Amino acid sequence: MYKEKIMKISKELLKGSTAIMILKIISLEDSYGYQITQVLHQKSNDTFMLKEGTLYPILHSLEKEGYVESYRKESDNGRERKYYHITAKGKIHLSEQIEAWNIFYQSVNCVLDRD
């Protein structure tokens, strides 16, 4: 496990980065809610595990902004699921947010790494 998860990630840090991570996952392939949480958990080395109460408001917000669209599709087991698909507007937004995140990340590290 990543550094034994000794420190919990601050909710304030999560607040600014969760939507971009969800949008990135959806950009890789159309995904449904539970699938998004599992991919996020796996790709973050077990650091992030979103609950439904956190995930769905973010998905609804992304949909309201026009960054994702949802559709229903029947799965192999016959159960209908709501999938999310990134839009062209969402791809542009994701690209801009990744660029902003990289600048932020590098700037914070410059401050933290200096003695």
# chains A, B, ... in the order shown; residues from 1 in each chain; ligands from 1
>>> residues_around(residues="Leu62 in chain A", least_positions_apart="6", cutoff="10 Å", atoms="only C-alpha atoms", output="list in words")
Ala19, Ile20, Ile22, Leu23, Tyr56, Val68, Glu69, Tyr84, Ile86 and Gly90 of chain A
>>> write_last_selection(atoms="N, CA, C and O atoms", output="PDB file, in the first residue's frame")
ATOM      1  N   ALA A  19     -13.062  15.988  -9.579  1.00  0.00           N
ATOM      2  CA  ALA A  19     -13.787  16.101 -10.849  1.00  0.00           C
ATOM      3  C   ALA A  19     -12.875  15.839 -12.040  1.00  0.00           C
ATOM      4  O   ALA A  19     -13.272  15.150 -12.985  1.00  0.00           O
ATOM      5  N   ILE A  20     -11.660  16.354 -12.002  1.00  0.00           N
ATOM      6  CA  ILE A  20     -10.740  16.145 -13.123  1.00  0.00           C
ATOM      7  C   ILE A  20     -10.356  14.666 -13.241  1.00  0.00           C
ATOM      8  O   ILE A  20     -10.219  14.139 -14.344  1.00  0.00           O
ATOM      9  N   ILE A  22     -12.237  12.098 -12.328  1.00  0.00           N
ATOM     10  CA  ILE A  22     -13.426  11.403 -12.858  1.00  0.00           C
ATOM     11  C   ILE A  22     -13.550  11.654 -14.347  1.00  0.00           C
ATOM     12  O   ILE A  22     -13.785  10.725 -15.129  1.00  0.00           O
ATOM     13  N   LEU A  23     -13.369  12.897 -14.770  1.00  0.00           N
ATOM     14  CA  LEU A  23     -13.467  13.221 -16.192  1.00  0.00           C
ATOM     15  C   LEU A  23     -12.393  12.478 -16.994  1.00  0.00           C
ATOM     16  O   LEU A  23     -12.665  11.985 -18.090  1.00  0.00           O
ATOM     17  N   TYR A  56     -21.814  10.842  -7.450  1.00  0.00           N
ATOM     18  CA  TYR A  56     -22.942  11.223  -8.298  1.00  0.00           C
ATOM     19  C   TYR A  56     -23.193  12.728  -8.375  1.00  0.00           C
ATOM     20  O   TYR A  56     -23.511  13.234  -9.467  1.00  0.00           O
ATOM     21  N   VAL A  68     -19.967  15.934 -19.895  1.00  0.00           N
ATOM     22  CA  VAL A  68     -20.305  14.525 -20.126  1.00  0.00           C
ATOM     23  C   VAL A  68     -21.778  14.419 -20.494  1.00  0.00           C
ATOM     24  O   VAL A  68     -22.572  15.313 -20.184  1.00  0.00           O
ATOM     25  N   GLU A  69     -22.101  13.330 -21.138  1.00  0.00           N
ATOM     26  CA  GLU A  69     -23.487  12.972 -21.437  1.00  0.00           C
ATOM     27  C   GLU A  69     -23.721  11.585 -20.875  1.00  0.00           C
ATOM     28  O   GLU A  69     -22.788  10.777 -20.794  1.00  0.00           O
ATOM     29  N   TYR A  84     -21.590   7.129 -18.702  1.00  0.00           N
ATOM     30  CA  TYR A  84     -21.210   8.513 -18.952  1.00  0.00           C
ATOM     31  C   TYR A  84     -20.171   8.546 -20.060  1.00  0.00           C
ATOM     32  O   TYR A  84     -19.262   7.723 -20.104  1.00  0.00           O
ATOM     33  N   ILE A  86     -17.699  11.313 -22.390  1.00  0.00           N
ATOM     34  CA  ILE A  86     -17.148  12.666 -22.446  1.00  0.00           C
ATOM     35  C   ILE A  86     -17.550  13.328 -23.767  1.00  0.00           C
ATOM     36  O   ILE A  86     -17.581  12.675 -24.814  1.00  0.00           O
ATOM     37  N   GLY A  90     -16.122  18.591 -23.073  1.00  0.00           N
ATOM     38  CA  GLY A  90     -15.465  17.955 -21.940  1.00  0.00           C
ATOM     39  C   GLY A  90     -14.000  17.657 -22.213  1.00  0.00           C
ATOM     40  O   GLY A  90     -13.151  17.804 -21.325  1.00  0.00           O
TER      41      GLY A  90
END
>>> residues_around(residues="Glu29 in chain A", least_positions_apart="3", cutoff="10 Å", atoms="only C-alpha atoms", output="count of residues only")
9
>>> closest_residue(among="A:Glu52, A:Gly33, A:Lys82, A:Ala88", to="Gly66 in chain A", atoms="only C-alpha atoms")
A:Ala88
>>> select_by_dssp(residues="chain A", states="strand (DSSP E)", output="list in words")
Ser31, Tyr32, Val68, Glu69, Ser70, Tyr71, Arg72, Lys73, Glu74, Glu80, Arg81, Lys82, Tyr83, Tyr84, His85 and Ile86 of chain A
>>> write_last_selection(atoms="N, CA, C and O atoms", output="tab-separated table (two decimals), in the first residue's frame")
chain	number	residue	atom	x	y	z
A	31	SER	N	-18.13	4.97	-19.07
A	31	SER	CA	-18.11	4.24	-17.80
A	31	SER	C	-19.38	4.49	-17.00
A	31	SER	O	-20.01	5.54	-17.13
A	32	TYR	N	-19.71	3.54	-16.14
A	32	TYR	CA	-20.83	3.70	-15.20
A	32	TYR	C	-20.24	3.95	-13.82
A	32	TYR	O	-19.04	3.78	-13.58
A	68	VAL	N	-19.97	15.93	-19.90
A	68	VAL	CA	-20.31	14.52	-20.13
A	68	VAL	C	-21.78	14.42	-20.49
A	68	VAL	O	-22.57	15.31	-20.18
A	69	GLU	N	-22.10	13.33	-21.14
A	69	GLU	CA	-23.49	12.97	-21.44
A	69	GLU	C	-23.72	11.58	-20.88
A	69	GLU	O	-22.79	10.78	-20.79
A	70	SER	N	-24.94	11.31	-20.50
A	70	SER	CA	-25.25	9.98	-19.97
A	70	SER	C	-26.22	9.27	-20.90
A	70	SER	O	-26.96	9.90	-21.65
A	71	TYR	N	-26.16	7.96	-20.86
A	71	TYR	CA	-27.10	7.13	-21.60
A	71	TYR	C	-27.25	5.81	-20.86
A	71	TYR	O	-26.40	5.45	-20.05
A	72	ARG	N	-28.32	5.14	-21.12
A	72	ARG	CA	-28.57	3.86	-20.45
A	72	ARG	C	-28.29	2.72	-21.42
A	72	ARG	O	-28.58	2.81	-22.60
A	73	LYS	N	-27.72	1.66	-20.86
A	73	LYS	CA	-27.34	0.50	-21.67
A	73	LYS	C	-27.49	-0.74	-20.81
A	73	LYS	O	-27.14	-0.75	-19.64
A	74	GLU	N	-27.99	-1.79	-21.42
A	74	GLU	CA	-28.14	-3.06	-20.72
A	74	GLU	C	-26.80	-3.78	-20.67
A	74	GLU	O	-26.09	-3.88	-21.66
A	80	GLU	N	-29.77	-2.84	-16.46
A	80	GLU	CA	-29.54	-1.58	-17.15
A	80	GLU	C	-28.65	-0.69	-16.29
A	80	GLU	O	-28.85	-0.56	-15.09
A	81	ARG	N	-27.65	-0.05	-16.94
A	81	ARG	CA	-26.73	0.84	-16.23
A	81	ARG	C	-26.70	2.19	-16.93
A	81	ARG	O	-26.88	2.28	-18.14
A	82	LYS	N	-26.40	3.21	-16.16
A	82	LYS	CA	-26.25	4.55	-16.70
A	82	LYS	C	-24.76	4.79	-16.95
A	82	LYS	O	-23.95	4.75	-16.03
A	83	TYR	N	-24.43	4.99	-18.22
A	83	TYR	CA	-23.05	5.23	-18.62
A	83	TYR	C	-22.83	6.71	-18.87
A	83	TYR	O	-23.76	7.43	-19.24
A	84	TYR	N	-21.59	7.13	-18.70
A	84	TYR	CA	-21.21	8.51	-18.95
A	84	TYR	C	-20.17	8.55	-20.06
A	84	TYR	O	-19.26	7.72	-20.10
A	85	HIS	N	-20.36	9.51	-20.96
A	85	HIS	CA	-19.50	9.68	-22.13
A	85	HIS	C	-18.99	11.12	-22.16
A	85	HIS	O	-19.77	12.06	-21.98
A	86	ILE	N	-17.70	11.31	-22.39
A	86	ILE	CA	-17.15	12.67	-22.45
A	86	ILE	C	-17.55	13.33	-23.77
A	86	ILE	O	-17.58	12.68	-24.81
>>> residues_around(residues="Thr18 in chain A", least_positions_apart="5", cutoff="12 Å", atoms="only C-alpha atoms", output="list in words")
Ile9, Lys11, Glu12, Leu13, Leu23, Lys24, Ile25, Ile36, Thr37, Leu40, His41, Ser44, Phe48, Met49, Leu50, Lys51, Thr54, Leu55, Tyr56, Pro57, Ile58, Leu59, Leu62, Gln97 and Trp101 of chain A
>>> select_by_dssp(residues="chain A", states="helix (DSSP H, G or I)", output="NGL selection string")
:A and (2-5 or 11-15 or 18-28 or 33-43 or 52-64 or 88-113)
>>> atom_distance(atom1="CA of Glu63 in chain A", atom2="CA of Ala100 in chain A")
21.1 Å
